[in-house]
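Visitor: I'd like to ask some things about the structure below.
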2 protein chains.
Amino acid sequence: MTLVNRRIVLASRPKGAASVENFRLESVPVPTPGPGEVLVRHHYLSLDPYMRGRMNDAKSYAPPQPLGEVMIGGTAGQVVASRNPSVAVGDWVVGMGGWQEYARHDRQGAQALRRVDTRRVPLAAYLGPVGMPGVTAWYGLTMILRPKPGDTVIVSAAAGAVGSVVGQLAKRRGCRAIGIAGGRTKCDYVVDELGFDACIDYKAAADAAALDAALADAAPNGIDACFENVGGRGLDAVLARMNAFGRVAVCGMIAGFDGTPVPITNPALILRSRLMLQGFIVFEHEDLWQTAAAELAAQVASGALKYRETVAEGLERAPAAFLGLLRGENLGKQLVRLS
Amino acid sequence: MTLVNRRIVLASRPKGAASVENFRLESVPVPTPGPGEVLVRHHYLSLDPYMRGRMNDAKSYAPPQPLGEVMIGGTAGQVVASRNPSVAVGDWVVGMGGWQEYARHDRQGAQALRRVDTRRVPLAAYLGPVGMPGVTAWYGLTMILRPKPGDTVIVSAAAGAVGSVVGQLAKRRGCRAIGIAGGRTKCDYVVDELGFDACIDYKAAADAAALDAALADAAPNGIDACFENVGGRGLDAVLARMNAFGRVAVCGMIAGFDGTPVPITNPALILRSRLMLQGFIVFEHEDLWQTAAAELAAQVASGALKYRETVAEGLERAPAAFLGLLRGENLGKQLVRLS
């Protein structure tokens, strides 16, 4: 019997907004691992906004996703065959296996797999608060924003996998945490369940003046640090309310992915308020991964760090779930469960 | 005989571009210093782009210039009367005396006067390469851009008082120095006299594509650090050519002073290239002034640091000279000589 590996490849590059037409589902035989190689069966795929950037054929920090190849992406699963002594059959591992049911990793790839302990932390959390999104939040907050107790920290996409961790970590560091999110449901979740001090529903703000008024209300002492996941008019509004020597960690600029870039309207604020803006990519800071993940895992295990997941069932649902993520339809971490 | 002090006050705030109508020349008696006070006769006024921002009634790092009061500004002159033991008649001093022929300084103001040595460095240089503009260049380059030998450093308004020092200091640190300036005369000065490796005439670049091509030519290995004095389309073009982990010291954003802010068109570049942008105001870093000024004074005294001055004669010419500065008509430091 030949096992079938279903996978999703990039069929075409988006012109404007991405659509399901840009993806293609394929069925191929499950590959057989050669010497030094391992085979992982995926239980979860991680869907993340950065993937949208990779779909474009544009200069960026990573090469574009090649056409006709399996979509890049983080995965959590179990080793089902191993010809590499560093990984055993039955091990739970997290890696970059892509949008497919099975992934074969060569000797170097096998080395890069992260073995995870699923006794105190659920497997899927290693793609969320204890994985790339959580470490992203930890890095941006701890290494770039460096908030002091009493600082006001704001984060956009606050109900998402990264933003939800940013605000909770900020609270633990004695800060006032403010979220920006789209819709009442998300904002209620951010305040009532995650414990942020306030959350601004940008969809309820009709214009720039309304957004500014909401910010003034939520941040009466101004904003000291901003973890930016979105860009666009939210960032414009935040910059205008930042205190002197404020810091902005630029983690996401999804607002401009679909074509026309979205400007920073008034960059003179960088000078007037002596702001520091810094872009970063978590994959370039592997040296701090263990430190970050250890703190996050302990908080997830104890229940101190709250999180939610939005789970799509079955590989074939990955494209639609991904497009939903780009539209902000998810709450917390967007996953695809393969069973 | 009562000595006359001529002074220029802000008569009105500009609507759009500033004009000579916004200023008013007044004649008043020279004040008599009281206990603890000193009287300085100005030999030079410093004209600087930051003054344009103060003319607006807008939130900024400093309060706006009050209407009807003497225009703020740096001055170099000689003490002509002193009732303060820390300063003697005949001392050469630099301070913030404003656009007038004489300034009385109270006890606290007298303390803030900087006594300068005019034997090896000319008095006027203490308003230029050894004064605020030079220290601004030194701070932004040394403390924010932190270039390594071999880095490509670019500076806008390269023929100005700040920019000319930035490029020369960068060269001494082993960097490739590129200027941006308006017009062939300035660019020739920047390359031939100041020793930059290249200078881009932004006025000769018809559009964004032409500016990008000129940058590609001048910076074949990309740009590692940018000292930004202007903002606008020049900054947009530079950001697109920056290497990963590039730094931008935001020192000036004159492009937007006259009304509509000039955006950063594509802030996603901050993320893609993991850039760091930082705004700064030199007056907030007095602790490093002596270190910076000592290095700059030694280089001016030895002739290693080149500079030029554009000098307007007489207080009454200050407004027109200032407007010329805003239009970029000066080469090097813009001064007004009072005699």
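Chains: A, B, ... in order of the structure tokens. Residues: from 1 per chain. Ligands: from 1, in order shown.
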Do a neighbour search on A:Cys251 at 7 Å with only C-alpha atoms, toss out local chain neighbours closer than 2 positions, and write the hits as a ChimeraX atom specification.
Guide: /A:228-229,249,279-280 /B:271
Visitor: With C-alpha atoms retained, could you export that selection as a compact mmCIF listing (two decimals), in the first residue's frame?
Guide:
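Output file selection-v8.txt is given in full below:
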```
# COMPACT_ATOMS: atom_id res chain seq x y z
CA GLU A 228 2.98 47.05 15.54
CA ASN A 229 1.46 44.09 13.72
CA ALA A 249 8.65 47.40 17.33
CA GLY A 279 11.74 46.27 12.31
CA PHE A 280 12.58 42.71 13.27
CA LEU B 271 10.13 45.46 8.43
```
Visitor: Write out, as a Markdown table, each residue of stretch 269-332 of chain B that has an atom at most 10 Å from stretch 141-147 of chain B, together with the closest pair of atoms and their distance in Å to one decimal, counting only C-alpha atoms, rows going by chain and rising number.
Guide:
```
| residue | atom | partner | partner_atom | distance |
| --- | --- | --- | --- | --- |
| B:Met276 | CA | B:Leu145 | CA | 9.2 |
| B:Leu277 | CA | B:Ile144 | CA | 9.0 |
| B:Gln278 | CA | B:Ile144 | CA | 7.4 |
| B:Gly279 | CA | B:Ile144 | CA | 9.2 |
| B:Phe280 | CA | B:Ile144 | CA | 8.9 |
| B:Leu288 | CA | B:Met143 | CA | 9.8 |
| B:Ala292 | CA | B:Thr142 | CA | 9.3 |
```
Visitor: Given the selection you just returned, output its residues as a file containing N, CA and C atoms, formatted as an mmCIF file, in the first residue's frame.
Guide:
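Now in again19.cif:
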```cif
data_model
loop_
_atom_site.group_PDB
_atom_site.id
_atom_site.type_symbol
_atom_site.label_atom_id
_atom_site.label_comp_id
_atom_site.auth_asym_id
_atom_site.auth_seq_id
_atom_site.Cartn_x
_atom_site.Cartn_y
_atom_site.Cartn_z
ATOM 1 N N MET B 276 16.173 50.418 11.541
ATOM 2 C CA MET B 276 15.963 51.158 12.781
ATOM 3 C C MET B 276 15.973 52.638 12.430
ATOM 4 N N LEU B 277 14.899 53.336 12.788
ATOM 5 C CA LEU B 277 14.816 54.783 12.591
ATOM 6 C C LEU B 277 14.749 55.431 13.960
ATOM 7 N N GLN B 278 15.544 56.453 14.172
ATOM 8 C CA GLN B 278 15.501 57.109 15.471
ATOM 9 C C GLN B 278 15.593 58.616 15.326
ATOM 10 N N GLY B 279 14.613 59.296 15.916
ATOM 11 C CA GLY B 279 14.641 60.742 15.936
ATOM 12 C C GLY B 279 15.453 61.235 17.128
ATOM 13 N N PHE B 280 16.120 62.369 16.968
ATOM 14 C CA PHE B 280 16.880 62.903 18.100
ATOM 15 C C PHE B 280 16.986 64.416 17.997
ATOM 16 N N LEU B 288 27.264 64.775 26.113
ATOM 17 C CA LEU B 288 28.290 64.390 25.147
ATOM 18 C C LEU B 288 28.862 65.594 24.398
ATOM 19 N N ALA B 292 32.216 65.660 21.897
ATOM 20 C CA ALA B 292 32.021 65.932 20.472
ATOM 21 C C ALA B 292 32.770 67.195 20.064
#
```
Visitor: Set the distance at 10 Å and use only C-alpha atoms: which residues neighbour B:Phe283 once local chain neighbours fewer than 6 positions away are removed? I'd like the list as a ChimeraX atom specification.
Guide: /B:132,135-136,289
Visitor: Quick one: pick out all alpha helix (DSSP H) residues within stretch 122-318 of chain B from a backbone DSSP run and write them as a VMD selection string.
Guide: chain B and resid 132 to 139 163 to 172 184 to 188 208 to 218 233 to 240 268 to 272 289 to 302 318
Visitor: Interatomic distance between atom CA of B:Phe196 and atom CA of B:Asp236?
Guide: 21.6 Å
Visitor: Would you mind listing, as a ChimeraX atom specification, all residues of chain A that have at least one atom within 7 Å of chain B, where only C-alpha atoms are what counts?
Guide: /A:60-61,250-253,261-268,270-280
Visitor: For the residues in that selection, give me C-alpha atoms as a compact mmCIF listing (two decimals), in the first residue's frame.
Guide:
```txt
# COMPACT_ATOMS: atom_id res chain seq x y z
CA SER A 60 12.06 40.85 1.07
CA TYR A 61 13.97 39.33 3.93
CA VAL A 250 7.64 46.83 13.72
CA CYS A 251 6.58 43.20 13.49
CA GLY A 252 3.95 43.28 10.78
CA MET A 253 2.82 45.56 7.96
CA PRO A 261 1.87 50.50 0.16
CA VAL A 262 0.17 52.22 3.10
CA PRO A 263 2.24 55.23 4.16
CA ILE A 264 3.23 56.63 7.52
CA THR A 265 1.43 59.90 7.05
CA ASN A 266 3.38 62.16 9.35
CA PRO A 267 6.96 60.94 9.84
CA ALA A 268 7.92 64.32 11.35
CA ILE A 270 9.58 60.54 14.67
CA LEU A 271 11.64 63.67 15.12
CA ARG A 272 9.24 65.68 17.26
CA SER A 273 8.75 62.91 19.78
CA ARG A 274 12.24 61.41 19.33
CA LEU A 275 10.77 58.02 18.52
CA MET A 276 12.62 54.84 17.72
CA LEU A 277 11.11 52.44 15.19
CA GLN A 278 12.71 49.08 14.63
CA GLY A 279 11.74 46.27 12.31
CA PHE A 280 12.58 42.71 13.27
```
Visitor: Once you count only C-alpha atoms, what closest atom pair and distance in Å to one decimal does each residue of stretch 64-162 of chain A within 7 Å of stretch 31-47 of chain A have, with rows by chain and rising residue number, as CSV?
Guide:
```
residue,atom,partner,partner_atom,distance
A:Gly73,CA,A:Ser46,CA,6.3
A:Gly74,CA,A:Ser46,CA,5.2
A:Thr75,CA,A:Leu45,CA,4.6
A:Ala76,CA,A:Tyr44,CA,5.2
A:Gly77,CA,A:His42,CA,4.1
A:Gln78,CA,A:Arg41,CA,5.4
A:Val79,CA,A:Val40,CA,4.3
A:Val80,CA,A:Val40,CA,5.6
A:Ala81,CA,A:Leu39,CA,5.0
A:Ser82,CA,A:Val38,CA,4.2
A:Arg83,CA,A:Gly36,CA,4.9
A:Asn84,CA,A:Gly36,CA,4.4
A:Trp99,CA,A:Leu45,CA,6.6
A:Glu101,CA,A:His42,CA,5.3
A:Tyr102,CA,A:Arg41,CA,4.6
A:Ala103,CA,A:Val40,CA,5.4
A:Arg104,CA,A:Leu39,CA,4.5
A:His105,CA,A:Val38,CA,5.4
A:Asp106,CA,A:Glu37,CA,4.6
A:Arg107,CA,A:Gly36,CA,4.8
A:Ala110,CA,A:Val38,CA,6.4
A:Ala124,CA,A:Tyr44,CA,6.7
A:Leu127,CA,A:Ser46,CA,6.1
```
Visitor: What separation in Å, quoted to one decimal, exists between atom CA of B:Tyr202 and atom CA of B:Gly150?
Guide: 24.6 Å
Visitor: Interatomic distance between atom CA of B:Ala312 and atom CA of B:Arg337?
Guide: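 Separation of atom CA of B:Ala312 and atom CA of B:Arg337: 6.2 Å.
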Visitor: Can you pull out the residues contacting A:Pro220? Cut-off 12 Å, using only C-alpha atoms, and skip same-chain residues under 6 positions away; I want them as a short mmCIF file (atom, residue, chain, number, x, y, z; two decimals) with C-alpha atoms, in the first residue's frame.
Guide:
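For reference, around21.cif as written:
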```
data_model
loop_
_atom_site.label_atom_id
_atom_site.label_comp_id
_atom_site.auth_asym_id
_atom_site.auth_seq_id
_atom_site.Cartn_x
_atom_site.Cartn_y
_atom_site.Cartn_z
CA ASP A 151 4.66 52.41 30.80
CA THR A 152 1.69 52.26 28.46
CA ARG A 176 -0.69 49.37 31.16
CA ILE A 178 -3.89 48.47 25.41
CA ALA A 198 -8.42 48.50 27.34
CA ASP A 212 -7.59 59.49 18.03
CA ALA A 213 -10.32 60.12 20.59
CA ALA A 214 -10.47 56.42 21.44
CA ARG A 241 -0.17 59.88 20.75
CA MET A 242 3.30 58.65 21.58
CA ASN A 243 5.30 60.15 24.40
#
```
Visitor: Determine, counting only C-alpha atoms, which protein, DNA and RNA residues have an atom within 9 Å of an atom of B:Val300; residues of the same chain fewer than 5 positions away are not included. Present the result as a PyMOL selection string.
Guide: chain B and resi 120-121+125+129-130+295+305-307
Visitor: Atoms to include: N, CA and C atoms. Write the selected residues as a CSV table (one decimal), in the first residue's frame.
Guide:
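Dumped everything to selection.csv:
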```csv
chain,number,residue,atom,x,y,z
B,120,ARG,N,42.5,79.3,18.1
B,120,ARG,CA,42.8,78.3,17.1
B,120,ARG,C,41.5,78.0,16.3
B,121,VAL,N,40.4,78.4,16.8
B,121,VAL,CA,39.1,78.2,16.1
B,121,VAL,C,38.4,79.5,16.0
B,125,ALA,N,32.9,79.6,13.9
B,125,ALA,CA,32.9,78.2,13.8
B,125,ALA,C,32.2,77.5,15.0
B,129,PRO,N,30.7,74.1,12.6
B,129,PRO,CA,31.2,72.8,12.8
B,129,PRO,C,31.6,72.4,14.2
B,130,VAL,N,31.9,73.4,15.0
B,130,VAL,CA,32.3,73.2,16.4
B,130,VAL,C,31.1,73.5,17.3
B,295,GLU,N,36.6,66.9,19.7
B,295,GLU,CA,37.0,66.2,18.4
B,295,GLU,C,36.9,67.2,17.3
B,305,LEU,N,38.9,69.2,9.0
B,305,LEU,CA,37.5,69.3,8.8
B,305,LEU,C,37.2,70.6,8.1
B,306,LYS,N,36.7,70.5,6.9
B,306,LYS,CA,36.4,71.7,6.0
B,306,LYS,C,35.0,72.2,6.2
B,307,TYR,N,34.9,73.5,6.1
B,307,TYR,CA,33.5,74.0,6.2
B,307,TYR,C,33.5,75.4,5.5
```
Visitor: Taking the backbone alone, and naming residues the way the document does, which bits of stretch 55-256 of chain A are strand (DSSP E) by DSSP, as an MDAnalysis selection string?
Guide: chainID A and resid 75:82 92:95 102:105 114:115 152:156 176:181 198:201 223:228 242:250
Visitor: Which is closest to A:Gln100 among A:Ala208, A:Ala318, A:Ala294, A:Leu325, if we use only C-alpha atoms?
Guide: A:Ala318
Visitor: Using only C-alpha atoms, which protein or nucleic acid residues come within 12 Å of B:Asn330? Drop anything in the same chain fewer than 5 positions from it, and give the result as a PyMOL selection string.
Guide: chain B and resi 47-49+157-161+181-183+185-186+308-312+320-325+335-336
Visitor: Would you write out those residues with N, CA and C atoms, as an mmCIF file, in the first residue's frame?
Guide:
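Okay, selection-v2.cif is ready:
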```
data_model
loop_
_atom_site.group_PDB
_atom_site.id
_atom_site.type_symbol
_atom_site.label_atom_id
_atom_site.label_comp_id
_atom_site.auth_asym_id
_atom_site.auth_seq_id
_atom_site.Cartn_x
_atom_site.Cartn_y
_atom_site.Cartn_z
ATOM 1 N N LEU B 47 21.570 80.885 11.916
ATOM 2 C CA LEU B 47 20.242 80.603 11.354
ATOM 3 C C LEU B 47 20.169 79.104 11.071
ATOM 4 N N ASP B 48 19.117 78.475 11.556
ATOM 5 C CA ASP B 48 19.019 77.014 11.484
ATOM 6 C C ASP B 48 17.602 76.586 11.129
ATOM 7 N N PRO B 49 17.482 75.484 10.392
ATOM 8 C CA PRO B 49 16.161 75.020 9.946
ATOM 9 C C PRO B 49 15.174 74.774 11.089
ATOM 10 N N ALA B 157 20.872 67.064 2.570
ATOM 11 C CA ALA B 157 21.343 68.427 2.840
ATOM 12 C C ALA B 157 22.848 68.386 3.110
ATOM 13 N N ALA B 158 23.548 67.683 2.228
ATOM 14 C CA ALA B 158 24.961 67.362 2.458
ATOM 15 C C ALA B 158 25.867 68.580 2.420
ATOM 16 N N ALA B 159 25.430 69.656 1.763
ATOM 17 C CA ALA B 159 26.257 70.855 1.687
ATOM 18 C C ALA B 159 25.981 71.801 2.849
ATOM 19 N N GLY B 160 25.038 71.431 3.707
ATOM 20 C CA GLY B 160 24.665 72.284 4.832
ATOM 21 C C GLY B 160 25.595 72.130 6.020
ATOM 22 N N ALA B 161 25.297 72.876 7.056
ATOM 23 C CA ALA B 161 26.180 72.937 8.220
ATOM 24 C C ALA B 161 26.292 71.576 8.909
ATOM 25 N N ALA B 181 22.152 66.584 -2.347
ATOM 26 C CA ALA B 181 22.091 68.045 -2.268
ATOM 27 C C ALA B 181 21.378 68.560 -3.513
ATOM 28 N N GLY B 182 21.005 69.821 -3.474
ATOM 29 C CA GLY B 182 20.248 70.398 -4.585
ATOM 30 C C GLY B 182 21.123 71.265 -5.472
ATOM 31 N N GLY B 183 21.448 70.790 -6.655
ATOM 32 C CA GLY B 183 22.188 71.588 -7.618
ATOM 33 C C GLY B 183 23.630 71.129 -7.781
ATOM 34 N N THR B 185 26.387 72.966 -8.162
ATOM 35 C CA THR B 185 27.392 73.682 -7.370
ATOM 36 C C THR B 185 27.589 73.013 -6.019
ATOM 37 N N LYS B 186 26.468 72.716 -5.349
ATOM 38 C CA LYS B 186 26.566 72.079 -4.036
ATOM 39 C C LYS B 186 27.198 70.695 -4.139
ATOM 40 N N ARG B 308 32.260 75.754 5.131
ATOM 41 C CA ARG B 308 32.068 77.067 4.522
ATOM 42 C C ARG B 308 30.948 77.783 5.235
ATOM 43 N N GLU B 309 30.898 79.063 5.046
ATOM 44 C CA GLU B 309 29.849 79.877 5.654
ATOM 45 C C GLU B 309 29.188 80.732 4.583
ATOM 46 N N THR B 310 27.899 80.919 4.713
ATOM 47 C CA THR B 310 27.185 81.903 3.908
ATOM 48 C C THR B 310 26.770 82.985 4.889
ATOM 49 N N VAL B 311 27.278 84.199 4.687
ATOM 50 C CA VAL B 311 27.124 85.246 5.690
ATOM 51 C C VAL B 311 26.270 86.396 5.160
ATOM 52 N N ALA B 312 25.184 86.689 5.868
ATOM 53 C CA ALA B 312 24.384 87.875 5.560
ATOM 54 C C ALA B 312 24.870 89.008 6.454
ATOM 55 N N ALA B 320 15.385 87.505 5.493
ATOM 56 C CA ALA B 320 15.572 87.054 4.109
ATOM 57 C C ALA B 320 16.590 85.919 4.054
ATOM 58 N N ALA B 321 17.636 86.036 4.864
ATOM 59 C CA ALA B 321 18.656 84.974 4.873
ATOM 60 C C ALA B 321 18.063 83.666 5.387
ATOM 61 N N PHE B 322 17.201 83.797 6.376
ATOM 62 C CA PHE B 322 16.557 82.596 6.935
ATOM 63 C C PHE B 322 15.662 81.924 5.899
ATOM 64 N N LEU B 323 14.895 82.715 5.177
ATOM 65 C CA LEU B 323 14.026 82.151 4.136
ATOM 66 C C LEU B 323 14.866 81.514 3.026
ATOM 67 N N GLY B 324 16.006 82.126 2.732
ATOM 68 C CA GLY B 324 16.913 81.544 1.746
ATOM 69 C C GLY B 324 17.443 80.192 2.209
ATOM 70 N N LEU B 325 17.736 80.113 3.504
ATOM 71 C CA LEU B 325 18.184 78.839 4.086
ATOM 72 C C LEU B 325 17.124 77.765 3.891
ATOM 73 N N LEU B 335 24.955 82.279 8.424
ATOM 74 C CA LEU B 335 25.172 83.183 9.555
ATOM 75 C C LEU B 335 24.671 84.582 9.211
ATOM 76 N N VAL B 336 24.480 85.371 10.246
ATOM 77 C CA VAL B 336 24.280 86.809 10.063
ATOM 78 C C VAL B 336 25.385 87.497 10.865
#
```
